[in-house]
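**Q** So I've got this file, target26.pdb, and it contains PDB, C-alpha atoms and all ligand atoms:
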ATOM      1  CA  MET A   1     105.082  78.166  82.379
ATOM      2  CA  ASP A   2     105.447  80.313  79.244
ATOM      3  CA  PRO A   3     108.902  81.954  79.390
ATOM      4  CA  ASN A   4     107.711  84.710  77.015
ATOM      5  CA  ARG A   5     104.360  85.556  78.623
ATOM      6  CA  LEU A   6     105.688  88.789  80.160
ATOM      7  CA  ASP A   7     108.172  89.742  77.430
ATOM      8  CA  GLY A   8     108.573  93.509  77.215
ATOM      9  CA  ARG A   9     107.399  94.118  80.760
ATOM     10  CA  CYS A  10     109.720  96.424  82.732
ATOM     11  CA  ALA A  11     108.593  96.250  86.343
ATOM     12  CA  LEU A  12     109.282  97.897  89.666
ATOM     13  CA  ILE A  13     108.360  95.629  92.595
ATOM     14  CA  THR A  14     108.289  97.085  96.101
ATOM     15  CA  GLY A  15     108.968  95.014  99.230
ATOM     16  CA  ALA A  16     110.792  92.442  97.107
ATOM     17  CA  ALA A  17     113.439  91.296  99.602
ATOM     18  CA  GLN A  18     111.369  88.365 100.897
ATOM     19  CA  GLY A  19     107.917  86.824 101.063
ATOM     20  CA  MET A  20     105.406  87.335  98.281
ATOM     21  CA  GLY A  21     107.317  90.233  96.684
ATOM     22  CA  ALA A  22     110.382  88.043  96.139
ATOM     23  CA  ALA A  23     108.262  85.104  94.940
ATOM     24  CA  VAL A  24     106.378  87.224  92.388
ATOM     25  CA  ALA A  25     109.627  88.851  91.213
ATOM     26  CA  LYS A  26     111.161  85.446  90.515
ATOM     27  CA  ASN A  27     108.023  84.233  88.757
ATOM     28  CA  TRP A  28     107.707  87.339  86.576
ATOM     29  CA  ALA A  29     111.404  87.181  85.638
ATOM     30  CA  ALA A  30     111.018  83.506  84.705
ATOM     31  CA  GLN A  31     108.209  84.575  82.347
ATOM     32  CA  GLY A  32     110.328  87.181  80.572
ATOM     33  CA  ALA A  33     109.792  90.390  82.582
ATOM     34  CA  LYS A  34     112.689  92.635  83.574
ATOM     35  CA  VAL A  35     112.345  93.385  87.268
ATOM     36  CA  CYS A  36     113.676  96.136  89.513
ATOM     37  CA  LEU A  37     113.453  95.082  93.157
ATOM     38  CA  GLY A  38     112.974  97.822  95.757
ATOM     39  CA  ASP A  39     113.059  97.421  99.532
ATOM     40  CA  ILE A  40     114.403  99.024 102.719
ATOM     41  CA  ASN A  41     116.277  95.722 103.091
ATOM     42  CA  VAL A  42     118.885  96.369 100.414
ATOM     43  CA  GLU A  43     120.921  93.209 101.120
ATOM     44  CA  GLY A  44     117.720  91.210 100.718
ATOM     45  CA  VAL A  45     116.852  92.641  97.303
ATOM     46  CA  ALA A  46     120.459  92.322  96.155
ATOM     47  CA  GLN A  47     120.305  88.618  97.023
ATOM     48  CA  VAL A  48     116.957  88.050  95.258
ATOM     49  CA  ALA A  49     118.251  89.904  92.162
ATOM     50  CA  LYS A  50     121.358  87.701  92.192
ATOM     51  CA  GLU A  51     119.237  84.549  92.367
ATOM     52  CA  ILE A  52     117.101  85.743  89.442
ATOM     53  CA  ALA A  53     120.211  86.474  87.360
ATOM     54  CA  GLU A  54     121.604  83.020  88.169
ATOM     55  CA  GLU A  55     118.397  81.545  86.732
ATOM     56  CA  GLY A  56     118.910  83.545  83.521
ATOM     57  CA  GLY A  57     116.470  86.367  84.342
ATOM     58  CA  THR A  58     116.995  90.131  84.206
ATOM     59  CA  ALA A  59     116.924  91.908  87.554
ATOM     60  CA  THR A  60     118.292  94.982  89.238
ATOM     61  CA  HIS A  61     117.742  96.319  92.730
ATOM     62  CA  VAL A  62     117.447  99.610  94.557
ATOM     63  CA  ARG A  63     117.129 100.780  98.142
ATOM     64  CA  LEU A  64     113.571 102.050  98.486
ATOM     65  CA  ASP A  65     111.598 103.273 101.474
ATOM     66  CA  VAL A  66     108.098 103.532 100.018
ATOM     67  CA  THR A  67     107.189 106.318 102.459
ATOM     68  CA  ASP A  68     109.907 108.611 101.053
ATOM     69  CA  GLU A  69     109.031 110.738  98.017
ATOM     70  CA  ASP A  70     112.621 111.098  96.777
ATOM     71  CA  ASP A  71     113.187 107.342  97.128
ATOM     72  CA  ALA A  72     110.065 106.597  95.058
ATOM     73  CA  VAL A  73     111.129 108.935  92.250
ATOM     74  CA  ALA A  74     114.670 107.512  92.367
ATOM     75  CA  ALA A  75     113.434 103.893  92.232
ATOM     76  CA  VAL A  76     111.331 104.662  89.166
ATOM     77  CA  ALA A  77     114.290 106.492  87.587
ATOM     78  CA  HIS A  78     116.538 103.513  88.320
ATOM     79  CA  THR A  79     114.061 101.162  86.634
ATOM     80  CA  VAL A  80     113.978 103.410  83.550
ATOM     81  CA  SER A  81     117.765 103.797  83.473
ATOM     82  CA  GLN A  82     118.210 100.003  83.526
ATOM     83  CA  PHE A  83     115.356  98.892  81.258
ATOM     84  CA  GLY A  84     114.524 101.951  79.113
ATOM     85  CA  GLU A  85     111.048 102.460  80.594
ATOM     86  CA  ILE A  86     108.674 101.373  83.354
ATOM     87  CA  ASN A  87     105.378  99.797  82.307
ATOM     88  CA  LEU A  88     104.454  97.692  85.342
ATOM     89  CA  LEU A  89     104.399  98.422  89.071
ATOM     90  CA  LEU A  90     103.762  95.904  91.833
ATOM     91  CA  ASN A  91     103.015  97.923  94.955
ATOM     92  CA  ASN A  92     103.633  95.101  97.419
ATOM     93  CA  ALA A  93     105.536  96.489 100.454
ATOM     94  CA  GLY A  94     103.424  96.274 103.595
ATOM     95  CA  VAL A  95     103.631  96.107 107.391
ATOM     96  CA  ASN A  96     101.396  95.081 110.281
ATOM     97  CA  LYS A  97     101.428  95.509 114.069
ATOM     98  CA  PRO A  98      98.267  94.196 115.741
ATOM     99  CA  ARG A  99      96.515  96.105 118.530
ATOM    100  CA  PHE A 100      93.098  95.849 120.113
ATOM    101  CA  PHE A 101      91.049  98.995 119.540
ATOM    102  CA  MET A 102      91.681 100.679 122.904
ATOM    103  CA  ASP A 103      95.449 100.152 122.563
ATOM    104  CA  ILE A 104      95.836 101.917 119.212
ATOM    105  CA  ASP A 105      98.081 104.965 119.381
ATOM    106  CA  LYS A 106      99.359 107.451 116.830
ATOM    107  CA  PRO A 107     102.783 105.792 116.292
ATOM    108  CA  ASN A 108     100.980 102.502 115.511
ATOM    109  CA  TYR A 109      98.614 104.329 113.134
ATOM    110  CA  ASP A 110     101.416 106.300 111.453
ATOM    111  CA  PHE A 111     103.609 103.214 110.988
ATOM    112  CA  ILE A 112     100.937 101.087 109.336
ATOM    113  CA  MET A 113      99.115 103.783 107.364
ATOM    114  CA  GLY A 114     102.456 105.327 106.376
ATOM    115  CA  VAL A 115     103.718 102.219 104.599
ATOM    116  CA  ASN A 116     100.471 100.561 103.504
ATOM    117  CA  ALA A 117      98.432 103.581 102.406
ATOM    118  CA  TRP A 118     100.706 106.590 101.824
ATOM    119  CA  GLY A 119     103.579 104.346 100.686
ATOM    120  CA  LYS A 120     101.398 102.825  97.979
ATOM    121  CA  LEU A 121     100.051 106.187  96.831
ATOM    122  CA  ASN A 122     103.578 107.635  96.878
ATOM    123  CA  VAL A 123     105.058 104.962  94.601
ATOM    124  CA  MET A 124     101.938 104.996  92.389
ATOM    125  CA  LEU A 125     102.359 108.732  91.863
ATOM    126  CA  ALA A 126     106.027 108.405  90.927
ATOM    127  CA  ALA A 127     105.374 105.511  88.525
ATOM    128  CA  ALA A 128     102.234 107.039  86.975
ATOM    129  CA  ARG A 129     103.978 110.390  86.364
ATOM    130  CA  GLN A 130     106.788 108.556  84.563
ATOM    131  CA  MET A 131     104.263 106.538  82.521
ATOM    132  CA  ARG A 132     102.466 109.776  81.575
ATOM    133  CA  GLU A 133     105.834 111.184  80.491
ATOM    134  CA  GLN A 134     106.536 108.132  78.341
ATOM    135  CA  GLY A 135     103.205 108.605  76.545
ATOM    136  CA  ARG A 136     100.607 106.074  75.466
ATOM    137  CA  ARG A 137     101.810 102.775  74.073
ATOM    138  CA  GLU A 138     100.214  99.974  72.064
ATOM    139  CA  TYR A 139     100.114  98.001  75.340
ATOM    140  CA  VAL A 140      98.596  99.174  78.615
ATOM    141  CA  TYR A 141     100.637 100.264  81.573
ATOM    142  CA  LYS A 142      99.762  98.292  84.670
ATOM    143  CA  ILE A 143      99.752  99.128  88.362
ATOM    144  CA  ILE A 144      98.996  96.276  90.762
ATOM    145  CA  ASN A 145      98.368  97.091  94.414
ATOM    146  CA  VAL A 146      98.504  94.357  97.038
ATOM    147  CA  GLY A 147      95.456  94.431  99.288
ATOM    148  CA  SER A 148      94.290  91.810 101.771
ATOM    149  CA  ILE A 149      91.184  90.057 103.017
ATOM    150  CA  LEU A 150      91.179  93.099 105.295
ATOM    151  CA  SER A 151      90.432  95.301 102.273
ATOM    152  CA  ARG A 152      86.888  93.917 102.569
ATOM    153  CA  GLU A 153      86.615  92.779 106.216
ATOM    154  CA  THR A 154      88.255  93.599 109.512
ATOM    155  CA  PHE A 155      88.972  91.924 112.838
ATOM    156  CA  ASP A 156      89.209  93.340 116.357
ATOM    157  CA  ASP A 157      93.000  92.971 116.653
ATOM    158  CA  VAL A 158      94.104  94.457 113.299
ATOM    159  CA  ILE A 159      91.964  97.566 112.962
ATOM    160  CA  VAL A 160      94.558  99.995 111.597
ATOM    161  CA  TYR A 161      95.890  97.360 109.195
ATOM    162  CA  GLY A 162      92.291  96.839 108.033
ATOM    163  CA  MET A 163      91.926 100.610 107.568
ATOM    164  CA  SER A 164      95.135 100.681 105.520
ATOM    165  CA  LYS A 165      94.006  97.803 103.309
ATOM    166  CA  HIS A 166      90.610  99.441 102.770
ATOM    167  CA  ALA A 167      92.669 102.439 101.630
ATOM    168  CA  VAL A 168      94.371 100.154  99.095
ATOM    169  CA  LEU A 169      90.931  99.293  97.696
ATOM    170  CA  GLY A 170      90.213 103.019  97.442
ATOM    171  CA  LEU A 171      93.515 103.525  95.628
ATOM    172  CA  ILE A 172      92.630 100.786  93.154
ATOM    173  CA  LYS A 173      89.214 102.288  92.408
ATOM    174  CA  GLY A 174      90.405 105.898  92.392
ATOM    175  CA  GLY A 175      93.588 105.085  90.488
ATOM    176  CA  ALA A 176      91.605 103.250  87.815
ATOM    177  CA  LYS A 177      89.392 106.289  87.273
ATOM    178  CA  GLY A 178      92.212 108.818  87.467
ATOM    179  CA  LEU A 179      94.863 107.108  85.371
ATOM    180  CA  TRP A 180      93.134 105.481  82.401
ATOM    181  CA  GLU A 181      93.518 108.688  80.407
ATOM    182  CA  TYR A 182      97.269 107.894  80.413
ATOM    183  CA  GLY A 183      96.723 104.280  79.372
ATOM    184  CA  ILE A 184      97.262 102.940  82.906
ATOM    185  CA  THR A 185      95.116 100.222  84.474
ATOM    186  CA  VAL A 186      95.026  99.760  88.246
ATOM    187  CA  ASN A 187      94.080  96.434  89.780
ATOM    188  CA  GLY A 188      95.083  94.415  92.802
ATOM    189  CA  TYR A 189      95.025  91.088  94.550
ATOM    190  CA  ALA A 190      94.110  90.287  98.112
ATOM    191  CA  PRO A 191      95.836  87.415  99.920
ATOM    192  CA  GLY A 192      94.340  85.857 103.045
ATOM    193  CA  VAL A 193      96.701  84.069 105.433
ATOM    194  CA  VAL A 194     100.072  83.514 103.759
ATOM    195  CA  ARG A 195     102.954  81.872 105.549
ATOM    196  CA  THR A 196     105.687  84.500 105.160
ATOM    197  CA  GLU A 197     107.873  86.376 107.629
ATOM    198  CA  MET A 198     105.048  88.917 108.009
ATOM    199  CA  TRP A 199     102.727  86.222 109.327
ATOM    200  CA  GLU A 200     105.444  84.647 111.517
ATOM    201  CA  GLN A 201     105.882  88.062 113.162
ATOM    202  CA  LEU A 202     102.115  88.556 113.385
ATOM    203  CA  ASP A 203     101.821  85.172 115.065
ATOM    204  CA  ARG A 204     104.377  86.247 117.710
ATOM    205  CA  ASP A 205     102.634  89.624 118.160
ATOM    206  CA  LEU A 206      99.202  88.004 118.566
ATOM    207  CA  VAL A 207     100.553  85.908 121.436
ATOM    208  CA  GLU A 208     102.090  89.048 122.952
ATOM    209  CA  ILE A 209      98.780  90.974 122.937
ATOM    210  CA  GLY A 210      96.924  87.955 124.325
ATOM    211  CA  LYS A 211      94.834  87.008 121.286
ATOM    212  CA  PHE A 212      96.316  83.491 121.143
ATOM    213  CA  ASP A 213      98.011  81.410 123.825
ATOM    214  CA  LYS A 214     100.937  79.925 121.996
ATOM    215  CA  LYS A 215     103.112  80.323 118.925
ATOM    216  CA  GLY A 216     101.711  78.772 115.751
ATOM    217  CA  GLU A 217      98.171  78.679 117.112
ATOM    218  CA  SER A 218      96.911  81.668 115.100
ATOM    219  CA  MET A 219      97.549  80.175 111.652
ATOM    220  CA  ASP A 220      96.212  76.730 112.538
ATOM    221  CA  SER A 221      93.152  78.103 114.286
ATOM    222  CA  ILE A 222      92.270  80.478 111.447
ATOM    223  CA  ALA A 223      92.823  77.749 108.845
ATOM    224  CA  GLU A 224      90.535  75.380 110.707
ATOM    225  CA  ASN A 225      87.787  77.789 111.685
ATOM    226  CA  MET A 226      87.756  80.594 109.130
ATOM    227  CA  ILE A 227      89.168  79.411 105.799
ATOM    228  CA  LEU A 228      86.704  77.522 103.626
ATOM    229  CA  MET A 229      89.470  75.418 102.067
ATOM    230  CA  GLY A 230      90.808  74.503 105.510
ATOM    231  CA  ARG A 231      94.417  75.554 105.017
ATOM    232  CA  TYR A 232      96.498  78.720 104.998
ATOM    233  CA  SER A 233      98.514  79.598 101.907
ATOM    234  CA  TYR A 234     102.079  80.075 100.682
ATOM    235  CA  PRO A 235     103.510  82.593  98.175
ATOM    236  CA  ASP A 236     103.164  79.919  95.468
ATOM    237  CA  ASP A 237      99.375  80.192  95.875
ATOM    238  CA  ILE A 238      99.594  83.872  94.928
ATOM    239  CA  ILE A 239     101.951  83.997  91.945
ATOM    240  CA  GLY A 240      99.476  82.760  89.316
ATOM    241  CA  THR A 241      97.057  85.627  89.957
ATOM    242  CA  ALA A 242      99.920  88.140  90.071
ATOM    243  CA  ALA A 243     101.170  86.884  86.692
ATOM    244  CA  PHE A 244      97.655  87.090  85.229
ATOM    245  CA  LEU A 245      97.342  90.713  86.335
ATOM    246  CA  ALA A 246     100.761  91.513  84.823
ATOM    247  CA  SER A 247      99.992  89.770  81.527
ATOM    248  CA  PRO A 248      97.968  90.834  78.462
ATOM    249  CA  ASP A 249      95.217  88.434  79.657
ATOM    250  CA  SER A 250      94.026  91.142  82.062
ATOM    251  CA  ASP A 251      94.224  94.090  79.640
ATOM    252  CA  TYR A 252      90.449  94.726  79.641
ATOM    253  CA  MET A 253      90.286  95.026  83.413
ATOM    254  CA  THR A 254      90.723  97.964  85.724
ATOM    255  CA  GLY A 255      89.628  98.972  89.222
ATOM    256  CA  GLN A 256      89.371  95.366  90.452
ATOM    257  CA  LEU A 257      90.673  93.602  93.551
ATOM    258  CA  LEU A 258      90.909  89.798  93.232
ATOM    259  CA  MET A 259      90.637  87.773  96.440
ATOM    260  CA  ILE A 260      93.101  84.843  96.840
ATOM    261  CA  ASP A 261      92.133  83.587 100.269
ATOM    262  CA  GLY A 262      90.813  80.028 100.041
ATOM    263  CA  GLY A 263      87.263  81.314 100.483
ATOM    264  CA  MET A 264      87.856  83.234 103.717
ATOM    265  CA  VAL A 265      86.004  86.389 102.695
ATOM    266  CA  ILE A 266      83.337  85.894 100.049
ATOM    267  CA  GLN A 267      81.506  88.983  98.829
TER
HETATM  268  N1  LIG B   1     101.393  87.346 104.772
HETATM  269  C1  LIG B   1     100.087  87.466 104.737
HETATM  270  O1  LIG B   1      99.347  86.648 105.299
HETATM  271  C2  LIG B   1      99.436  88.599 103.976
HETATM  272  C3  LIG B   1      98.042  88.564 103.841
HETATM  273  C4  LIG B   1      97.413  89.575 103.118
HETATM  274  C5  LIG B   1      98.155  90.577 102.546
HETATM  275  N2  LIG B   1      99.517  90.607 102.706
HETATM  276  C6  LIG B   1     100.225  91.697 102.058
HETATM  277  O2  LIG B   1     101.116  91.182 101.094
HETATM  278  C7  LIG B   1     102.250  92.037 100.957
HETATM  279  C8  LIG B   1     103.524  91.239 101.148
HETATM  280  O3  LIG B   1     103.472  90.605 102.408
HETATM  281  P1  LIG B   1     104.495  89.472 102.870
HETATM  282  O4  LIG B   1     103.702  88.548 103.714
HETATM  283  O5  LIG B   1     105.262  88.959 101.709
HETATM  284  O6  LIG B   1     105.411  90.350 103.841
HETATM  285  P2  LIG B   1     106.950  90.255 104.279
HETATM  286  O7  LIG B   1     107.026  90.913 105.612
HETATM  287  O8  LIG B   1     107.484  88.882 104.111
HETATM  288  O9  LIG B   1     107.654  91.198 103.188
HETATM  289  C9  LIG B   1     107.376  92.574 103.161
HETATM  290  C10 LIG B   1     108.569  93.304 102.569
HETATM  291  O10 LIG B   1     108.254  94.715 102.600
HETATM  292  C11 LIG B   1     109.434  95.402 102.997
HETATM  293  N3  LIG B   1     109.101  96.716 103.539
HETATM  294  C12 LIG B   1     108.554  97.000 104.744
HETATM  295  N4  LIG B   1     108.475  98.331 104.897
HETATM  296  C13 LIG B   1     108.963  98.886 103.765
HETATM  297  C14 LIG B   1     109.143 100.230 103.324
HETATM  298  N5  LIG B   1     108.830 101.277 104.101
HETATM  299  N6  LIG B   1     109.663 100.443 102.097
HETATM  300  C15 LIG B   1     110.012  99.391 101.318
HETATM  301  N7  LIG B   1     109.897  98.103 101.679
HETATM  302  C16 LIG B   1     109.362  97.862 102.897
HETATM  303  C17 LIG B   1     110.092  94.482 104.011
HETATM  304  O11 LIG B   1     111.468  94.799 104.190
HETATM  305  C18 LIG B   1     109.856  93.126 103.385
HETATM  306  O12 LIG B   1     110.913  92.748 102.522
HETATM  307  C19 LIG B   1     102.052  93.144 101.999
HETATM  308  O13 LIG B   1     101.437  94.259 101.378
HETATM  309  C20 LIG B   1     101.085  92.512 102.988
HETATM  310  O14 LIG B   1     100.331  93.483 103.675
HETATM  311  C21 LIG B   1     100.162  89.634 103.409
END
Rewrite the coordinates I just gave you, this time as structure tokens.

**A**
Amino acid sequence: MDPNRLDGRCALITGAAQGMGAAVAKNWAAQGAKVCLGDINVEGVAQVAKEIAEEGGTATHVRLDVTDEDDAVAAVAHTVSQFGEINLLLNNAGVNKPRFFMDIDKPNYDFIMGVNAWGKLNVMLAAARQMREQGRREYVYKIINVGSILSRETFDDVIVYGMSKHAVLGLIKGGAKGLWEYGITVNGYAPGVVRTEMWEQLDRDLVEIGKFDKKGESMDSIAENMILMGRYSYPDDIIGTAAFLASPDSDYMTGQLLMIDGGMVIQ
């Protein structure tokens, strides 16, 4: 790992208290980025920031509900107050709550679309407005939105989540076209099945709605029957692509969503 690959990068990372957000934050910090960790779980981000500092990295944290406009503006302002500017956003916070089609209701829709679609647009707007204010630089500003295999496919038990992740793809394409005039690129990556707390909860919920019979079955069954490489993934499978998208290696790229799913959805 090159400890200087991300030198000069001042990043806000949403949903950084655990899972992939925390793993990417640690990896970026180890490669020289300064990272501001935002999450509704403020103890969680404080702990991750502490661990990064103990490893010699630069991290700060902020309480951030991505659905709240004031919170988004404040998180961006906190990043700028700590690091002098913001030039990288990882829009990672996300939620899921599976339902079969006929069981979808408005609270389920509002919860998932609120965080995954509006929450991403909300934080993008706050970060992009600050980047516009800072003016063009010799390097590009980068916004990375976390999608999913369900940005390009959907299944019968996660319809609203699939809608929200298709919205992320729309945000990547629309953001790329709308923000390049300010020197901002917008890309994303799309994990498949990643063993994090989100999937542990999903596994429990899938048993509850009757999709699978017993705990642990969902991940094993999907790995065996639906993933070309025959295994599910871990946050470590994701961090290389996230670092690439944050680094100068991806400067001539915008509007793209990279699949990291072991060959689950090939298009
Ligand atoms: N785990 C998977 O298999 C998988 C697959 C594809 C995509 N994803 C996506 O990857 C991203 C990270 O997932 P993960 O598996 O690490 O999840 P996770 O549940 O482990 O972590 C998500 C984090 O987001 C935070 N969060 C939730 N609501 C928030 C809000 N309103 N404001 C701010 N923070 C909030 C949580 O507190 C948590 O720390 C999500 O966008 C998810 O949809 C996950």

**Q** Report as a VMD selection string which protein, DNA and RNA residues come within 7 Å of ligand LIG 1 (chain B), using all atoms listed in the file.

**A** chain A and resid 14 to 21 38 to 41 64 to 67 92 to 96 115 to 116 119 146 to 149 190 to 199

**Q** For Trp28 in chain A, which of A:Ala74, A:Lys211, A:Pro98, A:Arg5 is the closest residue, counting all atoms listed in the file?

**A**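 Among the listed residues, A:Arg5 lies closest to Trp28 in chain A.
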
**Q** Using all atoms listed in the file, which residue out of A:Leu88, A:Ile238, A:Met113, A:Ala126 lies closest to Ala22 in chain A?

**A**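 Of A:Leu88, A:Ile238, A:Met113, A:Ala126, the one nearest Ala22 in chain A, counting all atoms listed in the file, is A:Ile238.
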
**Q** Could you state which residues are captured by the PyMOL selection byres (((chain A and resi 255-258) around 9) and not hetatm) in this file, as a PyMOL selection string?

**A** chain A and resi 145-147+151+169+171-177+185-191+241+253-254+259-260

**Q** Evaluate the PyMOL selection byres (((chain A and resi 204) around 12) and not hetatm) here and jot the selected residues down as a PyMOL selection string.

**A** chain A and resi 96-98+197-203+205-219

**Q** Can you tell me, as a compact mmCIF listing (two decimals) with C-alpha atoms, in the frame of the given file, what residues are no more than 12 Å from Met229 in chain A when counting all atoms listed in the file, ignoring any on the same chain fewer than 3 positions away?

**A**
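So the final result, stored in part.txt, reads:
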# COMPACT_ATOMS: atom_id res chain seq x y z
CA GLY A 192 94.34 85.86 103.04
CA VAL A 193 96.70 84.07 105.43
CA ILE A 222 92.27 80.48 111.45
CA ALA A 223 92.82 77.75 108.84
CA GLU A 224 90.54 75.38 110.71
CA ASN A 225 87.79 77.79 111.68
CA MET A 226 87.76 80.59 109.13
CA TYR A 232 96.50 78.72 105.00
CA SER A 233 98.51 79.60 101.91
CA ILE A 260 93.10 84.84 96.84
CA ASP A 261 92.13 83.59 100.27
CA GLY A 262 90.81 80.03 100.04
CA GLY A 263 87.26 81.31 100.48
CA MET A 264 87.86 83.23 103.72
CA VAL A 265 86.00 86.39 102.70

**Q** Taking (118.9, 101.3, 82.5) in the file's own coordinates, collect the residues within 12 Å, counting all atoms listed in the file, and hand them back as a list in words.

**A**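 Checking each residue against the 12 Å limit leaves Cys10, Lys34, Val35, Cys36, Thr58, Ala59, Thr60, His61, Ala75, Val76, Ala77, His78, Thr79, Val80, Ser81, Gln82, Phe83, Gly84, Glu85 and Ile86 of chain A.
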
**Q** Between CA of Gly162 in chain A and CA of Leu12 in chain A, what is the spacing in Å?

**A**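 So the answer is 25.0 Å.
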
**Q** Go through A:Ala246, A:Leu121, A:Val62, A:Ile112 one by one, measure the shortest atom-to-atom distance of each to Val45 in chain A using all atoms listed in the file, and give the residue with the smallest value.

**A** A:Val62

**Q** One decimal, Å: what's the distance from CA of Glu51 in chain A over to CA of Pro3 in chain A, could you say?

**A** 16.8 Å

**Q** Near Glu138 in chain A, within 12 Å and counting all atoms listed in the file, which residues show up once chain neighbours fewer than 4 positions away are dropped, as a ChimeraX atom specification?

**A** /A:8,87,182-184,248,251

**Q** Go ahead and compute the interatomic distance for CA of Asn4 in chain A and CA of Ala30 in chain A, in Å to one decimal.

**A** 8.5 Å

**Q** Counting all atoms listed in the file, figure out which residue out of A:Ala72, A:Asp237, A:Leu37, A:Leu90 gets nearest to Ala49 in chain A.

**A**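 Of the candidates, the smallest distance to Ala49 in chain A is held by A:Leu37.
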
**Q** Neighbouring residues of Asp7 in chain A were defined as those with any atom within 8 Å, considering only C-alpha atoms; residues of the same chain fewer than 6 positions away were excluded. Please report them as a PDB file with C-alpha atoms, in the frame of the given file.

**A**
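Result file around-v4.pdb:
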ATOM      1  CA  GLN A  31     108.209  84.575  82.347  1.00  0.00           C
ATOM      2  CA  GLY A  32     110.328  87.181  80.572  1.00  0.00           C
ATOM      3  CA  ALA A  33     109.792  90.390  82.582  1.00  0.00           C
TER       4      ALA A  33
END

**Q** Give the answer as one residue: which of A:Glu153, A:Asp220, A:Asp2, A:Asp71 has the shortest atom-to-atom distance to Phe244 in chain A, using all atoms listed in the file?

**A** A:Asp2
